Each structure stands twice: as structure tokens, then as C-alpha cells.
$ cat protein-v4.cif   # mmCIF, C-alpha atoms
data_query
#
loop_
_atom_site.label_atom_id
_atom_site.label_comp_id
_atom_site.auth_asym_id
_atom_site.auth_seq_id
_atom_site.Cartn_x
_atom_site.Cartn_y
_atom_site.Cartn_z
CA MET O 231 0.00 0.00 0.00
CA THR O 232 1.51 3.36 -0.97
CA LEU O 233 1.92 6.17 1.54
CA LYS O 234 -0.42 8.40 -0.49
CA LEU O 235 -3.16 5.76 -0.39
CA LEU O 236 -2.60 5.23 3.33
CA GLY O 237 -2.79 8.97 3.84
CA CYS O 238 -6.16 9.04 2.08
CA LEU O 239 -7.45 6.19 4.25
CA SER O 240 -6.21 7.95 7.38
CA ALA O 241 -7.92 11.14 6.28
CA LEU O 242 -11.21 9.31 5.69
CA ALA O 243 -10.94 7.66 9.10
CA LEU O 244 -10.62 11.06 10.68
CA VAL O 245 -13.39 12.91 8.83
CA ALA O 246 -15.40 13.13 12.01
CA ALA O 247 -12.42 14.56 13.88
CA SER O 248 -11.80 17.10 11.13
CA ALA O 249 -15.40 18.26 11.17
CA ALA O 250 -15.63 18.50 14.95
CA GLN O 251 -15.28 22.01 16.32
CA PRO O 252 -13.33 21.96 19.61
CA VAL O 253 -14.95 23.94 22.41
CA GLY O 254 -13.81 27.56 22.33
CA THR O 255 -13.55 28.14 26.06
CA ALA O 256 -10.66 29.19 28.21
CA GLY O 257 -10.49 25.64 29.57
CA ALA O 258 -8.93 24.16 26.44
CA ALA O 259 -5.99 22.78 28.35
CA THR O 260 -7.95 19.93 29.97
CA ALA O 261 -9.18 16.80 28.25
CA SER O 262 -12.62 17.19 29.82
CA ASP O 263 -13.23 20.20 27.57
CA GLY O 264 -13.16 18.02 24.46
CA PRO O 265 -16.20 16.95 22.44
CA ALA O 266 -19.10 15.13 24.01
CA ALA O 267 -19.18 11.68 25.56
CA SER O 268 -18.49 8.55 23.56
CA ALA O 269 -22.13 7.52 23.88
CA THR O 270 -22.89 10.10 21.17
CA GLY O 271 -20.24 8.65 18.88
CA ALA O 272 -18.32 11.92 18.86
CA PRO O 273 -14.51 11.76 18.99
CA ARG O 274 -12.79 12.48 22.29
CA TRP O 275 -9.41 13.85 23.24
CA GLU O 276 -7.04 10.93 23.76
CA THR O 277 -3.65 11.38 25.46
CA ARG O 278 -0.91 10.18 23.11
CA TRP O 279 2.19 11.50 24.84
CA SER O 280 2.97 12.39 28.43
CA PRO O 281 6.72 12.04 28.95
CA SER O 282 8.68 12.39 32.19
CA PRO O 283 12.06 14.15 32.47
CA TRP O 284 13.01 11.67 35.20
CA ARG O 285 12.04 8.56 33.23
CA ASP O 286 12.57 9.55 29.60
CA GLY O 287 15.08 12.40 29.61
CA VAL O 288 15.78 13.68 26.09
CA ASN O 289 14.66 10.30 24.70
CA ALA O 290 11.14 11.70 25.02
CA PHE O 291 11.85 13.49 21.74
CA GLU O 292 12.44 12.20 18.25
CA ALA O 293 15.78 13.95 17.86
CA LEU O 294 18.13 16.29 19.67
CA GLU O 295 19.57 19.44 18.10
CA ASP O 296 22.14 20.28 20.78
CA ASP O 297 24.72 22.55 19.15
CA ARG O 298 24.63 20.37 16.05
CA ARG O 299 27.38 22.49 14.42
CA GLY O 300 29.78 21.83 17.30
CA SER O 301 30.31 25.56 17.89
CA HIS O 302 30.50 25.41 21.69
CA PRO O 303 31.60 21.99 22.98
CA GLU O 304 32.52 23.51 26.35
CA GLY O 305 28.83 24.32 26.89
CA LEU O 306 27.53 20.77 26.35
CA PRO O 307 24.94 19.64 27.05
CA HIS O 308 22.87 22.59 25.94
CA VAL O 309 19.71 20.46 26.17
CA HIS O 310 19.14 18.07 29.04
CA ALA O 311 16.70 16.91 31.71
CA GLU O 312 17.29 17.96 35.31
CA LYS O 313 15.20 18.06 38.50
CA GLY O 314 11.94 17.22 36.75
CA VAL O 315 12.25 19.69 33.86
CA TRP O 316 13.83 19.92 30.43
CA ARG O 317 16.38 22.72 30.22
CA PHE O 318 17.57 24.52 27.08
CA ASP O 319 20.67 26.70 27.45
CA ALA O 320 21.67 29.44 25.00
CA HIS O 321 25.18 30.87 25.15
CA LEU O 322 26.54 33.81 23.21
CA ALA O 323 29.10 31.49 21.62
CA ASP O 324 26.50 29.06 20.23
CA ARG O 325 26.08 29.05 16.43
CA ASP O 326 23.89 27.21 13.94
CA GLY O 327 25.15 29.04 10.89
CA SER O 328 26.78 32.45 10.73
CA ASP O 329 23.84 34.53 11.96
CA ARG O 330 21.84 32.32 14.35
CA MET O 331 21.97 29.82 17.18
CA ARG O 332 19.80 26.77 17.83
CA ASN O 333 19.44 24.37 20.75
CA GLU O 334 16.16 22.49 20.29
CA VAL O 335 14.48 19.12 20.39
CA ARG O 336 12.17 17.95 17.64
CA GLY O 337 9.28 15.52 17.50
CA MET O 338 7.65 13.29 20.08
CA ARG O 339 8.69 9.71 20.79
CA ALA O 340 6.10 7.27 22.18
CA SER O 341 6.79 4.84 25.00
CA ASP O 342 7.46 2.10 22.41
CA GLY O 343 10.27 4.19 20.94
CA ASN O 344 8.49 5.10 17.71
CA PRO O 345 7.92 8.72 16.64
CA LEU O 346 4.42 10.15 16.97
CA GLU O 347 3.37 11.46 13.56
CA ILE O 348 0.94 14.36 13.14
CA ARG O 349 -0.72 13.65 9.82
CA LYS O 350 -3.12 15.39 7.47
CA ASP O 351 -6.50 16.45 8.90
CA GLU O 352 -5.61 15.29 12.40
CA THR O 353 -6.42 17.57 15.32
CA TRP O 354 -3.92 17.79 18.16
CA ARG O 355 -3.58 19.68 21.43
CA ILE O 356 -0.17 20.19 23.04
CA THR O 357 -0.02 21.50 26.60
CA TYR O 358 2.98 22.25 28.80
CA GLN O 359 4.40 24.63 31.37
CA MET O 360 7.31 26.91 30.55
CA TYR O 361 9.60 29.16 32.55
CA ILE O 362 10.99 32.15 30.65
CA PRO O 363 13.65 34.01 32.67
CA ASP O 364 14.15 37.75 32.26
CA THR O 365 17.43 36.98 30.48
CA LEU O 366 15.49 35.42 27.60
CA ASP O 367 14.59 38.69 25.93
CA ALA O 368 12.35 39.36 23.00
CA THR O 369 14.41 40.46 20.01
CA THR O 370 14.09 42.74 17.00
CA SER O 371 15.13 39.80 14.84
CA PHE O 372 13.73 36.30 15.39
CA THR O 373 13.59 34.32 18.64
CA HIS O 374 11.43 31.17 18.62
CA ILE O 375 10.71 28.93 21.64
CA TRP O 376 8.27 26.49 19.96
CA GLN O 377 7.79 25.51 16.32
CA LEU O 378 5.71 23.21 14.13
CA LYS O 379 7.62 21.95 11.10
CA ASN O 380 7.97 19.10 8.63
CA SER O 381 11.16 17.81 7.10
CA ASP O 382 10.27 18.56 3.46
CA VAL O 383 10.06 22.36 3.84
CA GLY O 384 12.50 24.67 5.57
CA THR O 385 9.85 27.28 6.33
CA PRO O 386 8.16 26.72 9.71
CA ILE O 387 4.43 26.05 9.74
CA ALA O 388 3.70 27.71 13.09
CA GLN O 389 5.63 29.15 16.02
CA ILE O 390 5.58 30.67 19.48
CA SER O 391 8.01 33.57 19.25
CA LEU O 392 9.40 36.47 21.26
CA PRO O 393 9.29 39.60 19.07
CA VAL O 394 9.68 43.27 19.92
CA VAL O 395 6.57 45.17 18.75
CA ASN O 396 6.67 48.97 18.82
CA GLY O 397 9.45 48.82 21.38
CA VAL O 398 7.57 46.42 23.70
CA GLN O 399 8.66 42.83 24.41
CA LYS O 400 5.94 40.38 23.36
CA ILE O 401 5.23 36.68 23.20
CA ALA O 402 3.32 35.79 20.03
CA ALA O 403 1.61 32.85 18.34
CA ARG O 404 1.98 32.85 14.57
CA TYR O 405 1.44 30.78 11.47
CA TRP O 406 3.27 31.01 8.16
CA THR O 407 2.04 31.13 4.57
CA LEU O 408 4.20 29.12 2.20
CA ALA O 409 3.46 30.99 -1.03
CA ASP O 410 5.02 34.25 0.20
CA ASN O 411 7.15 32.80 3.02
CA LYS O 412 5.65 35.22 5.55
CA SER O 413 4.62 34.91 9.19
CA HIS O 414 1.33 36.12 10.65
CA ASP O 415 0.94 36.84 14.36
CA PHE O 416 -2.65 36.10 15.40
CA ALA O 417 -2.26 36.48 19.17
CA THR O 418 0.21 38.36 21.37
CA ALA O 419 0.77 39.17 25.04
CA ASP O 420 3.29 41.23 26.95
CA LEU O 421 6.35 39.16 27.76
CA GLU O 422 7.71 40.82 30.90
CA PRO O 423 4.72 40.00 33.20
CA ILE O 424 5.15 36.25 32.55
CA GLN O 425 8.92 36.10 32.93
CA ASN O 426 10.53 34.48 35.99
CA LYS O 427 7.45 32.34 36.69
CA TRP O 428 5.81 29.15 35.47
CA VAL O 429 3.02 29.70 32.95
CA THR O 430 0.91 27.17 31.05
CA THR O 431 0.53 27.21 27.31
CA THR O 432 -1.71 25.18 25.01
CA ILE O 433 -1.42 24.96 21.23
CA GLU O 434 -4.38 23.31 19.53
CA PHE O 435 -4.46 22.86 15.77
CA ARG O 436 -5.85 20.91 12.85
CA SER O 437 -3.05 19.81 10.55
CA GLY O 438 -4.87 20.34 7.25
CA ASP O 439 -5.18 22.45 4.12
CA ALA O 440 -8.00 24.36 5.79
CA GLY O 441 -6.79 24.01 9.33
CA TYR O 442 -6.95 26.15 12.42
CA MET O 443 -4.69 27.07 15.31
CA ARG O 444 -5.64 28.12 18.82
CA TRP O 445 -3.27 29.44 21.48
CA VAL O 446 -4.08 29.60 25.19
CA LEU O 447 -1.68 31.18 27.68
CA ARG O 448 -2.38 31.06 31.42
CA ASP O 449 -0.75 32.42 34.54
CA GLY O 450 -2.16 30.09 37.19
CA LEU O 451 -5.95 30.34 36.94
CA ARG O 452 -5.81 33.62 35.02
CA THR O 453 -6.19 33.37 31.25
CA ILE O 454 -3.92 35.84 29.49
CA VAL O 455 -4.66 34.80 25.90
CA ASP O 456 -7.21 32.50 24.31
CA GLN O 457 -7.22 33.18 20.59
CA ARG O 458 -8.11 31.09 17.55
CA VAL O 459 -7.48 31.58 13.84
CA GLY O 460 -9.22 29.46 11.21
CA ASP O 461 -9.04 28.59 7.52
CA ILE O 462 -5.24 28.47 7.44
CA ASP O 463 -3.01 26.00 5.62
CA LEU O 464 -1.12 23.84 8.12
CA TRP O 465 -0.35 20.95 5.75
CA TRP O 466 2.44 21.46 3.22
CA THR O 467 3.68 18.00 2.37
CA GLN O 468 2.54 14.90 0.54
CA GLU O 469 4.85 12.42 2.26
CA GLN O 470 6.14 13.74 5.58
CA TYR O 471 4.39 14.49 8.86
CA ASN O 472 4.24 17.56 11.06
CA ARG O 473 6.10 17.61 14.36
CA PRO O 474 6.64 20.11 17.16
CA LYS O 475 9.95 21.54 18.35
CA TRP O 476 10.91 23.04 21.71
CA GLY O 477 13.95 25.09 22.63
CA ILE O 478 15.71 28.34 21.78
CA TYR O 479 16.28 29.27 18.15
CA ARG O 480 17.30 32.89 17.71
CA SER O 481 19.15 35.35 15.54
CA ILE O 482 22.39 36.74 16.93
CA LYS O 483 21.80 40.06 15.15
CA SER O 484 19.71 41.67 17.88
CA ALA O 485 21.47 44.01 20.28
CA GLY O 486 21.74 43.15 23.96
CA LEU O 487 21.53 39.36 23.75
CA GLN O 488 22.29 37.61 27.02
CA GLU O 489 23.25 34.08 27.92
CA THR O 490 19.99 32.51 28.95
CA TYR O 491 17.86 29.38 29.22
CA LEU O 492 14.31 28.03 28.89
CA LEU O 493 12.62 25.46 31.15
CA VAL O 494 9.77 23.16 30.08
CA LYS O 495 7.78 20.60 32.09
CA ASP O 496 4.44 18.73 32.22
CA LEU O 497 4.40 18.05 28.49
CA LYS O 498 1.27 16.40 27.14
CA ALA O 499 -0.03 15.81 23.62
CA GLU O 500 -3.61 14.75 22.89
CA GLN O 501 -5.23 13.73 19.63
CA LEU O 502 -8.88 14.25 18.83
CA GLY O 503 -10.18 10.78 18.09
CA SER O 504 -8.46 7.43 18.13
CA ALA O 505 -4.79 7.02 17.30
CA THR O 506 -3.94 6.68 13.63
CA PRO O 507 -2.44 3.31 12.65
CA PRO O 508 1.28 3.47 11.84
CA VAL O 509 2.36 3.80 8.24
CA LYS O 510 3.09 0.42 6.63
CA LEU O 511 6.24 0.67 4.56
CA PRO O 512 7.28 -1.60 1.69
CA PRO O 513 10.16 -3.94 2.53
CA PRO O 514 13.72 -2.74 1.97
CA ASP O 515 15.77 -4.03 -0.94
CA ARG O 516 17.65 -7.07 0.40
CA SER O 517 19.43 -7.94 -2.85
CA PRO O 518 23.13 -8.88 -2.51
CA GLY O 519 25.33 -5.81 -2.23
CA THR O 520 22.41 -3.46 -1.53
CA TYR O 521 22.46 -1.05 1.41
CA GLU O 522 19.49 1.18 2.24
CA ALA O 523 20.48 4.72 3.21
CA GLU O 524 18.04 4.83 6.12
CA ARG O 525 18.87 1.49 7.72
CA ALA O 526 19.58 1.23 11.44
CA GLY O 527 23.23 1.70 12.29
CA ASN O 528 23.94 4.30 9.63
CA VAL O 529 25.01 7.77 10.75
CA PHE O 530 22.90 10.90 10.18
CA GLU O 531 24.77 13.99 11.28
CA GLY O 532 23.54 17.57 11.58
CA ALA O 533 20.29 18.10 9.70
CA ALA O 534 20.51 14.86 7.70
CA GLU O 535 17.74 12.41 8.60
CA PRO O 536 15.56 9.61 7.17
CA ALA O 537 12.20 10.65 5.75
CA TYR O 538 9.29 8.99 3.97
CA CYS O 539 9.52 8.42 0.22
CA THR O 540 6.75 6.82 -1.83
CA VAL O 541 9.04 5.92 -4.75
CA CYS O 542 12.03 4.66 -2.73
CA SER O 543 12.77 1.08 -1.78
CA GLY O 544 11.88 0.53 1.85
CA GLY O 545 9.65 3.63 1.69
CA ARG O 546 12.38 5.94 3.01
CA LYS O 547 15.22 8.19 1.89
CA VAL O 548 17.83 10.34 3.65
CA ILE O 549 17.39 14.08 3.18
CA LEU O 550 19.34 17.29 3.90
CA VAL O 551 22.75 15.93 2.99
CA GLY O 552 25.41 18.50 2.18
CA GLY O 553 25.54 22.27 1.92
CA ASN O 554 28.17 22.58 4.66
CA ILE O 555 30.62 20.43 6.61
CA TYR O 556 28.04 19.41 9.23
CA ASP O 557 25.16 17.73 7.38
CA TYR O 558 26.16 14.31 6.13
CA ALA O 559 25.20 10.63 6.11
CA VAL O 560 27.40 7.57 6.50
CA VAL O 561 26.41 4.15 5.19
CA ARG O 562 28.08 1.66 7.52
CA GLY O 563 28.68 -2.06 7.28
CA VAL O 564 29.46 -2.22 3.55
CA LEU O 565 31.07 -5.64 3.09
CA SER O 566 33.70 -6.72 0.60
CA GLU O 567 35.36 -10.13 0.39
CA THR O 568 38.52 -8.70 -1.15
CA THR O 569 40.44 -5.44 -1.36
CA GLY O 570 39.97 -3.74 -4.70
CA THR O 571 37.92 -1.45 -6.90
CA ARG O 572 34.19 -2.10 -7.06
CA GLN O 573 31.31 -0.36 -8.84
CA MET O 574 28.88 1.57 -6.63
CA THR O 575 25.49 2.56 -8.02
CA VAL O 576 23.86 5.43 -6.13
CA HIS O 577 20.05 5.61 -6.14
CA ALA O 578 18.70 9.06 -5.26
CA LEU O 579 16.06 11.70 -5.89
CA VAL O 580 17.57 14.70 -7.63
CA ASP O 581 16.24 18.24 -7.98
CA GLY O 582 17.68 19.20 -11.37
CA SER O 583 21.46 18.84 -11.19
CA GLN O 584 23.07 18.01 -7.86
CA THR O 585 26.26 16.33 -6.70
CA PHE O 586 27.27 14.03 -3.86
CA SER O 587 30.78 14.03 -2.48
CA VAL O 588 31.60 10.47 -1.44
CA SER O 589 34.44 9.34 0.81
CA VAL O 590 35.20 5.66 1.43
CA ASN O 591 36.83 4.81 4.75
CA GLY O 592 37.88 8.44 5.22
CA GLY O 593 39.73 8.61 1.90
CA ASP O 594 39.74 11.35 -0.73
CA ALA O 595 36.33 12.41 -1.96
CA VAL O 596 34.88 11.21 -5.25
CA GLN O 597 32.30 13.43 -6.95
CA VAL O 598 29.00 11.85 -8.02
CA PRO O 599 27.08 14.30 -10.26
CA MET O 600 23.42 13.44 -10.86
CA THR O 601 20.60 14.95 -12.90
CA GLY O 602 16.94 14.07 -12.41
CA ALA O 603 13.55 14.92 -10.93
CA LYS O 604 12.42 15.15 -7.31
CA ASP O 605 9.76 12.44 -7.65
CA THR O 606 11.84 9.90 -9.60
CA VAL O 607 14.72 7.71 -8.46
CA THR O 608 17.83 8.45 -10.53
CA THR O 609 21.03 6.36 -10.59
CA ALA O 610 24.71 7.04 -11.12
CA THR O 611 27.60 4.56 -11.00
CA VAL O 612 31.16 5.33 -9.86
CA PRO O 613 34.17 3.17 -8.97
CA VAL O 614 35.06 2.93 -5.26
CA ASP O 615 38.05 1.34 -3.56
CA LEU O 616 37.01 -1.03 -0.78
CA VAL O 617 39.06 -3.01 1.69
CA ALA O 618 38.44 -6.63 2.57
CA GLY O 619 35.96 -6.73 5.42
CA VAL O 620 33.80 -3.84 6.60
CA ASN O 621 33.73 -0.41 4.93
CA THR O 622 32.03 2.93 5.61
CA ILE O 623 30.90 5.30 2.85
CA ARG O 624 30.24 8.96 3.69
CA PHE O 625 27.92 11.14 1.60
CA PHE O 626 28.37 14.89 1.98
CA GLY O 627 28.73 18.19 0.13
CA LEU O 628 30.63 21.28 1.29
CA THR O 629 28.93 23.96 -0.79
CA ALA O 630 25.44 22.80 -1.81
CA ARG O 631 22.73 20.33 -0.84
CA GLY O 632 23.12 16.98 -2.51
CA PRO O 633 20.43 14.62 -3.80
CA GLU O 634 18.16 12.68 -1.43
CA LEU O 635 19.75 9.27 -0.93
CA ASP O 636 17.65 6.12 -1.39
CA LYS O 637 20.22 3.29 -1.40
CA ILE O 638 23.53 2.12 -2.82
CA VAL O 639 24.36 -1.10 -4.66
CA ILE O 640 27.89 -2.52 -4.69
CA LYS O 641 28.91 -4.90 -7.47
#

$ encode --input "protein-v4.cif" --output "C-alpha cells"
Amino acid sequence: MTLKLLGCLSALALVAASAAQPVGTAGAATASDGPAASATGAPRWETRWSPSPWRDGVNAFEALEDDRRGSHPEGLPHVHAEKGVWRFDAHLADRDGSDRMRNEVRGMRASDGNPLEIRKDETWRITYQMYIPDTLDATTSFTHIWQLKNSDVGTPIAQISLPVVNGVQKIAARYWTLADNKSHDFATADLEPIQNKWVTTTIEFRSGDAGYMRWVLRDGLRTIVDQRVGDIDLWWTQEQYNRPKWGIYRSIKSAGLQETYLLVKDLKAEQLGSATPPVKLPPPDRSPGTYEAERAGNVFEGAAEPAYCTVCSGGRKVILVGGNIYDYAVVRGVLSETTGTRQMTVHALVDGSQTFSVSVNGGDAVQVPMTGAKDTVTTATVPVDLVAGVNTIRFFGLTARGPELDKIVIK
């Protein structure tokens, strides 16, 4: 069954959830405020994720983005669990590129170890408490402390941000429009009154073409913000899923930045209606000499990561390879009975003309130019020198993003 077909079936199974209109009261942060009792057949809010810093640590999340460029090793860990909270540290030395810093976690990992996937036309509600110290200032450039993203598009889908508006520090909920790559704040509050204390925030949204987003911010029993925006596009991908991010992602171009931190606790994610069945992927290619890019044990460094792919063997590919020295993938466990030159065929999805740099066992790089289309698997064959036994093959690119890697075949 293809991923597109499964997505259609999932969407049909959740028609009732898509049509349901969550109660627009200030009490949105509790499951009891969801739609009516099951006796009516209406969907209910079901808790899908409720991690513990003590029990799960950073394994509660799908992936860790702790100084992924290695700019400040003395400051590690920048993201960790301590004393019942998750802590995100931001130092002035941290960098994620020349003009920004990022210490975040992304995605939600269920108790069985599998990622929780927010799919098309699903309605979710994420609630947690956060502590914003007075050193975590709003900025004239961007500072984000929560995001909703998918791996296919660099532009965020939605955010909780700390902007300066008319000289006043604010906390804002916003969504983005993909066509013009612009953000739209639909709810704001003054930042300074909620600093140096625990406040509760709830983000409720339907992940669809005609979705909605609702943001509730509370200081104890007092509701500061409860605002909803509808008829917005919160689904930008055909293959991937949406996932939340927590942490500090900010520009370094604002004046007066301080070393700071963010604390998060009592995380909970609920889905409206029953849990969606996991995606069933086609089997990987187990032909002799074939190595899937996404297989367990391979290395995905920086932004590189496995993602769904309807036309790839095994239903997955590895994306975001190259463009700098940090984002790369390593295919491990490549076996050869003898030392010598072999032929390696690279299978990948190519956006026009792109090139992989390939290094075998740390040796000099070989260039693999490829030309093709984003929705078609393209191949290129190059000679590689292997040693008898186990080899590692690194895919990278220092100046531009490379293709999206499906698999390699050694002959």
C-alpha cells in the first residue's frame, strides 16, 4: 500500500475529527473540555504523549539538536533533563550558521520508541508549562521557543516567538504562509509580566489544508490569551508528517543578547479521536550488495535524517545531505570479500542537477554528479576502492545540498 493511499485512508478515518469544532472556552488545556461523551459517537481527546524528564530524559523526543554544528563543545549539554524539567541553554558562543543559534528538540517519541506522527487532517492539542527568565529577551530579529515543522520544507508552519513590537517585548503565536514565506501573528501578550514564573501554554491545531490554530496562555488560573485563527493551511507536504519543536532558536543580530535558558515541564499531547495506525512501509531491498540509506546503524549527522519516500525502496530516503561540513550521512557495514575497486550505483532523488561528495573509509572524496527529478529515483555509478571486510561510505557536500539518498548497490 503506498503512503499516499494510506494517507487518504487515514484522512477518511478522521473525517469526524476534522469536522468536529473543539470547544472555544478558556479551559482548552484539559481533556474534559473536548467533544461530548463517547455515547454520542463523537470523537474524544485521547492522550498520546505524556513524557517524564526523570524517566525519559531527552529520549522523550524524536531527535536532539544540541549545538549540532559543534560551535560550543565547552557548553555541552545545551539540552538536558534535570530536576523534573527539560532545560535549554543558550550561550553567546552558540552558532547554527553564521547569523543564528539553535538548541532544540524535535518531534515526540512514544513509549514504544516510535515517533508520533501528526498527519493530514488530524487535530492535536499540546499542553505544557514553561519558565521564561528575564534573560530570555524578545528580540528585533527572530527568537522562537516552539515551532511546528515538517522535514520537506525549511519554512516553519507555526511558532511561538518572542518579538519586539513597537518597542515592547511580546510573546506571540503565529502561522506562516508558504506561497510568500511570511509569518502572521494572530495572538500576542506582553512578555515581561510572565517572565521568571511558570506559565501554562496550550497549542491546539488541525493539521490540514483548511486548518486552524488556537493558542491559550495562562498564569495560574488567570487566562492571558485565548485566541483562535481558522481557515489556514497547516499541511504542506505529501509524504512527511508535522512535528513540534521546543527550545531556543534565535538570531544573533539583535542588540543586547544575554546568555539565557528556557525550562519546560508537564508536556502532554492529545489527539482528537483514536490514534492513527502506523504507516506500513514496503520492505527494503535485500538484494546482494544493496544497502538502504536509512537502515539502522547508519550515521545521520547535523540536519541529515531519514524521511518517507513513496518511490524509494523501503519507503524511506535520507534528506538534507550536504551544503556545509556538518550535514552528512554515513552508510556503515558495507562488506567486501577482497580489497579492490568495485562499482557503486547510487540511487537518489535529484532536484535538477546536484552532486554528492563520497568518501570511502575516510579517503579522498569522489564526486557523483546526478541529474533528475524530485519524484523519480535516478542512478549514477562510480568506482570505489574497498578493503576486505567492513567499509564505511560517507555522503556529503561542502557547498550545496546533494540529492536525497535512497540506497547504494555494490557490485

$ residues_around --input "protein-v4.cif" --residues "Asp367 (chain O)" --least-positions-apart "5" --cutoff "8 Å" --atoms "all atoms listed in the file" --output "ChimeraX atom specification"
/O:392,399,487-488

$ write_last_selection --input "protein-v4.cif" --atoms "C-alpha atoms" --output "PDB file, keeping the file's coordinate frame"
ATOM      1  CA  LEU O 392       9.400  36.470  21.260  1.00  0.00           C
ATOM      2  CA  GLN O 399       8.660  42.830  24.410  1.00  0.00           C
ATOM      3  CA  LEU O 487      21.530  39.360  23.750  1.00  0.00           C
ATOM      4  CA  GLN O 488      22.290  37.610  27.020  1.00  0.00           C
TER       5      GLN O 488
END

$ resolve_selection --input "protein-v4.cif" --expression "the PyMOL selection byres ((chain O and resi 502) around 6)" --output "JSON, numbers by chain"
{"O": [274, 275, 353, 501, 503]}

$ atom_distance --input "protein-v4.cif" --atom1 "CA of Ala417 (chain O)" --atom2 "CA of Glu489 (chain O)"
27.1 Å

$ closest_atom_pairs --input "protein-v4.cif" --of "region 488-541 of chain O" --to "region 451-473 of chain O" --cutoff "8 Å" --atoms "only C-alpha atoms" --output "CSV"
residue,atom,partner,partner_atom,distance
O:Ala537,CA,O:Gln470,CA,6.8
O:Tyr538,CA,O:Glu469,CA,5.9
O:Cys539,CA,O:Glu469,CA,6.5
O:Thr540,CA,O:Glu469,CA,7.2

$ closest_residue --input "protein-v4.cif" --among "O:Thr490, O:Ser301, O:Ser413, O:Ser484" --to "Thr365 (chain O)" --atoms "all atoms listed in the file"
O:Thr490

$ resolve_selection --input "protein-v4.cif" --expression "the PyMOL selection byres ((chain O and resi 592-608) around 7)" --output "list in words"
Val541, His577, Ala578, Leu579, Val580, Asp581, Gly582, Ser583, Gln584, Thr585, Phe586, Ser587, Val588, Ser589, Val590, Asn591, Thr609 and Ala610 of chain O

$ resolve_selection --input "protein-v4.cif" --expression "the PyMOL selection byres ((chain O and resi 492) around 6)" --output "NGL selection string"
:O and (317-318 or 362 or 491 or 493)

$ closest_residue --input "protein-v4.cif" --among "O:Tyr405, O:Gly532, O:Asp319, O:Gln425" --to "Pro363 (chain O)" --atoms "all atoms listed in the file"
O:Gln425

$ axis_aligned_box --input "protein-v4.cif" --around "region 564-568 of chain O" --padding-each-side "3 Å" --output "lines of an AutoDock Vina configuration file"
center_x = 34.0
center_y = -6.2
center_z = 1.2
size_x = 15.1
size_y = 13.9
size_z = 10.7

$ atom_distance --input "protein-v4.cif" --atom1 "CA of Tyr558 (chain O)" --atom2 "CA of Glu531 (chain O)"
5.3 Å

$ residues_near_point --input "protein-v4.cif" --point "(7.6, -1.0, -0.7)" --cutoff "12 Å" --atoms "all atoms listed in the file" --output "ChimeraX atom specification"
/O:231-233,509-516,538-546

$ atom_distance --input "protein-v4.cif" --atom1 "CA of Asn396 (chain O)" --atom2 "CA of Ala368 (chain O)"
11.9 Å

$ residues_around --input "protein-v4.cif" --residues "Gly527 (chain O)" --least-positions-apart "2" --cutoff "9 Å" --atoms "all atoms listed in the file" --output "ChimeraX atom specification"
/O:524-525,529,561-563

$ write_last_selection --input "protein-v4.cif" --atoms "C-alpha atoms" --output "PDB file, in the frame of the given file"
ATOM      1  CA  GLU O 524      18.040   4.830   6.120  1.00  0.00           C
ATOM      2  CA  ARG O 525      18.870   1.490   7.720  1.00  0.00           C
ATOM      3  CA  VAL O 529      25.010   7.770  10.750  1.00  0.00           C
ATOM      4  CA  VAL O 561      26.410   4.150   5.190  1.00  0.00           C
ATOM      5  CA  ARG O 562      28.080   1.660   7.520  1.00  0.00           C
ATOM      6  CA  GLY O 563      28.680  -2.060   7.280  1.00  0.00           C
TER       7      GLY O 563
END

$ residues_around --input "protein-v4.cif" --residues "Arg404 (chain O)" --least-positions-apart "5" --cutoff "10 Å" --atoms "all atoms listed in the file" --output "CSV table (one decimal) with C-alpha atoms, keeping the file's coordinate frame"
chain,number,residue,atom,x,y,z
O,377,GLN,CA,7.8,25.5,16.3
O,386,PRO,CA,8.2,26.7,9.7
O,387,ILE,CA,4.4,26.0,9.7
O,388,ALA,CA,3.7,27.7,13.1
O,389,GLN,CA,5.6,29.2,16.0
O,390,ILE,CA,5.6,30.7,19.5
O,391,SER,CA,8.0,33.6,19.2
O,413,SER,CA,4.6,34.9,9.2
O,414,HIS,CA,1.3,36.1,10.6
O,415,ASP,CA,0.9,36.8,14.4
O,416,PHE,CA,-2.6,36.1,15.4
O,417,ALA,CA,-2.3,36.5,19.2
O,418,THR,CA,0.2,38.4,21.4
O,443,MET,CA,-4.7,27.1,15.3
O,444,ARG,CA,-5.6,28.1,18.8
O,445,TRP,CA,-3.3,29.4,21.5
O,459,VAL,CA,-7.5,31.6,13.8

$ closest_residue --input "protein-v4.cif" --among "O:Gly271, O:Leu550, O:Lys498, O:Ser328" --to "Val383 (chain O)" --atoms "all atoms listed in the file"
O:Leu550

$ closest_residue --input "protein-v4.cif" --among "O:Val612, O:Leu628, O:Leu306, O:Ile549" --to "Gly384 (chain O)" --atoms "only C-alpha atoms"
O:Ile549

$ closest_residue --input "protein-v4.cif" --among "O:Asp557, O:Glu334, O:Asp615, O:Asp449" --to "His374 (chain O)" --atoms "only C-alpha atoms"
O:Glu334

$ residues_around --input "protein-v4.cif" --residues "Thr569 (chain O)" --least-positions-apart "3" --cutoff "10 Å" --atoms "all atoms listed in the file" --output "PyMOL selection string"
chain O and resi 566+572+615-619

$ closest_residue --input "protein-v4.cif" --among "O:Glu422, O:Asp324, O:Asp351, O:Asp297" --to "Gly441 (chain O)" --atoms "all atoms listed in the file"
O:Asp351

$ residues_around --input "protein-v4.cif" --residues "region 289-296 of chain O" --least-positions-apart "4" --cutoff "6 Å" --atoms "all atoms listed in the file" --output "list in words"
Pro281, His308, Val309, Asn333, Glu334, Val335, Arg336, Gly337, Met338, Arg339 and Pro345 of chain O
